[in-house]
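Down below is the structure, laid out as C-alpha cells.
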Amino acid sequence: MSDHTVKRTRAGGAVCTACPLLCADIDLPAATRACVHGRAALLAPAAPCSPTHDGRPLAPEAARAAAARLLIGARRVLVTGLGEATLGALAAAGDIAEALGAAIDGGDPAVAITTGPTIARSGEVTAAYDEARDRADLVVAWFIDPDASHPRFRERFLSPRAPVIHVGPSPAGWPCAEIMIPAADEVAAARWLTAHARGKPTVSALAPRLAPLAAALDAAACVGIVMAEPAADGSGVAEWALAEWIRSEAHRRPAFALPLPGGIGMASGNAAGLAAFSTWRYGAPGAIGRADRRGGPFLPAEADALRLIGRGEIDAVLVVGRPRPAIAAALLAAGDRIGCVQVGAETVIPRGIHLPAAGPLDDPGEMLRGDGQLVRIAGRHPAPEVLRLETVLRRLLTALPSAAEARR
Ligand code: SF4
C-alpha cells in the first residue's frame with residue numbers, strides 16, 4: 001500500500017535522522033518540533049576531524065591509500081555500519097564490497113535468526129504510516145512502546161480518535177488500554193488471535209486477557225498493528241505467528257502491520273533504505289556472504305555481522321557510518337584480530353584507519369523512512385570542508401586497484 005511519496009524538507013528546515021521516522025518538519029536553529037532525542041542530535045555541533053591511523057593524524061591521500069591496502073590485503077572483509085548512510089552512499093559501499101568480494105550486513109536482526117526473514121516468506125501486509133493516521137480506527141501496539149523507540153510516531157501517525165491497545169510484558173509509558181502478556185507467551189497470544197480471526201476459537205489460558213482485544217478487533221473497521229523489528233536472539237517464530245495473525249485480520253477488513261525498524265540509539269535512521277538497497281542488489285536485507293549483484297549467497301544466521309565477527313571469520317571490516325551498538329561492541333571485543341577502516345563523522349572504534357565524512361544529519365541525499373517513503377535530506381550544516389559519505393567511499397573505491405597492484 002506504500003505509495004513512495006517523496007517527503008521534502010520545509011524551506012530552511014532539516015530532517016532528523018536519529019531514528020527511522022526521519023521527521024522532515026524540523027525548523028533550525030532551535031530544532032523546533034523535534035523530540036528530545038532528535039533535538040539533542042540536531043543541536044550537537046558537527047565535530048570537525050581529520051583522517052587518523054590508530055589515533056594519529058594522517059594526510060587524506062595517505063589515509064585513503066592505507067585503508068585500501070588494509071582492505072585489499074585482508075583474507076575476508078565485512079562491510080557493515082550502513083544503517084545511517086544515504087542511498088547514494090549505500091550504492092558506493094556496495095560497489096566496494098563487490099570489488100573486495102566482501103560480506104555485507106548492517107545488523108538487521110531479521111537476518112540473524114536461523115529461519116531468516118520469515119515475514120518475507122509468509123507474506124507481510126503493511127501500509128504507509130500515514131494510512132494509520134487516516135484510516136485506522138483501532139491501533140494495536142504489539143510488544144513495542146513506540147514512545148520509547150520512535151518518539152514522535154504517535155504524534156505524527158496516529159489519529160487521536162483511534163483507540164490504542166498496548167499488548168506486552170510491561171505497561172507503555174503513556175495512557176492507553178493495556179493487556180499484559182509475558183514475552184514468553186507472545187507466540188501463543190498471536191496464535192490465539194489468529195484462530196479467533198478465522199472464526200475457530202481455541203482454548204487458551206490467555207483467552208480472558210485477550211478477550212477485550214478480540215472484541216475491539218471484531219468491532220473495528222480498519223486496524224493498524226505497530227510492531228518492532230525481531231529480537232536479535234529470536235528464532236523468527238514470533239514474527240511468523242504475528243504475520244499469520246495480521247494476514248488473518250486483513251481477510252476480515254483492512255488491517256496492516258506498521259513495522260518500526262531500529263529506533264533511538266540504534267544508528268538506524270535509514271534502516272528501511274538499507275534493507276531495500278540490499279534486497280534490490282543482493283536479494284536479501286543482509287547476511288550476504290559475498291557481495292555479488294549477479295547472486296551472492298544469502299546466509300541467515302551465518303553471514304550476519306555479529307556471527308562473522310564473533311566466529312573470527314573476517315580479518316578486516318569497513319564500517320560505513322556508525323554501526324549498531326552490538327556490532328560496535330563486538331568489534332571492540334575483537335581487538336587487533338580485525339583490521340578496521342571507518343568512514344564517517346565519528347571514530348566509533350578507537351583503532352584502525354578513520355576517513356572522515358559527513359554524518360547523517362549533514363549528508364545531503366536520500367533515505368527511506370521506516371515505511372519505505374523516500375525522504376530527501378538537504379543536510380543540517382552545509383560545510384564544504386566536510387566531504388559527503390558517498391564521495392569518501394567513491395574515492396576509496398578508486399584507490400583499491402592501485403593497492404591491489406602494489407600488493408602484487
Ligand atoms: S522521532 Fe525520531 S526522527 Fe523524529 S525528531 Fe525524534 S529522533 Fe528525530
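In the C-alpha cells, chains take the letters A, B, ... in the order shown, each chain's residues start at 1, and ligands count up from 1 in the order shown.
Per DSSP on the backbone, strand (DSSP E) in stretch 172-267 of chain A comprises Ala177, Glu178, Ile179, Met180, Val223, Gly224, Ile225, Val226, Met227, Ala228, Ala255, Phe256, Ala257, Leu258, Pro259 and Leu260 of chain A.
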Counting only C-alpha atoms and all ligand atoms, what residues are within 12 Å of ligand 1, given as a PyMOL selection string? chain A and resi 14-27+31-43+84+146-157+260-270+360-361+367-370+375
Counting only C-alpha atoms, what is within 6 Å of stretch 137-139 of chain A, bar same-chain residues fewer than 6 positions away, as a JSON list (two decimals) with C-alpha atoms, in the first residue's frame?
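result.json, freshly written:
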[["chain", "number", "residue", "atom", "x", "y", "z"],
["A", 162, "ALA", "CA", -8.32, 5.88, 17.21],
["A", 163, "PRO", "CA", -8.01, 3.97, 20.48],
["A", 164, "VAL", "CA", -4.67, 2.25, 21.09],
["A", 222, "CYS", "CA", -9.60, -0.75, 9.93],
["A", 223, "VAL", "CA", -6.74, -1.93, 12.16],
["A", 224, "GLY", "CA", -3.10, -0.86, 12.30],
["A", 225, "ILE", "CA", -0.71, -3.11, 14.20]]
Excluding A:Leu70 and residues on its chain fewer than 6 positions from it, collect all residues at most 9 Å away from it, counting only C-alpha atoms, and give them as an MDAnalysis selection string. chainID A and resid 316 339:341 353 403
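Nearest to A:Val77 of all the residues A:Gly289, A:Pro212, A:Gly365, A:Gly168 is A:Gly289, counting only C-alpha atoms.
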Residue contacts of stretch 92-98 of chain A (6 Å, only C-alpha atoms) excluding same-chain residues fewer than 6 positions away, as a PyMOL selection string: chain A and resi 291-292+393-394+397
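Distance annotation: of A:Ala128, A:Val203, A:Ala284, A:Ala65, the residue with the minimal separation from A:Ala303 is A:Ala284; atom set is only C-alpha atoms.
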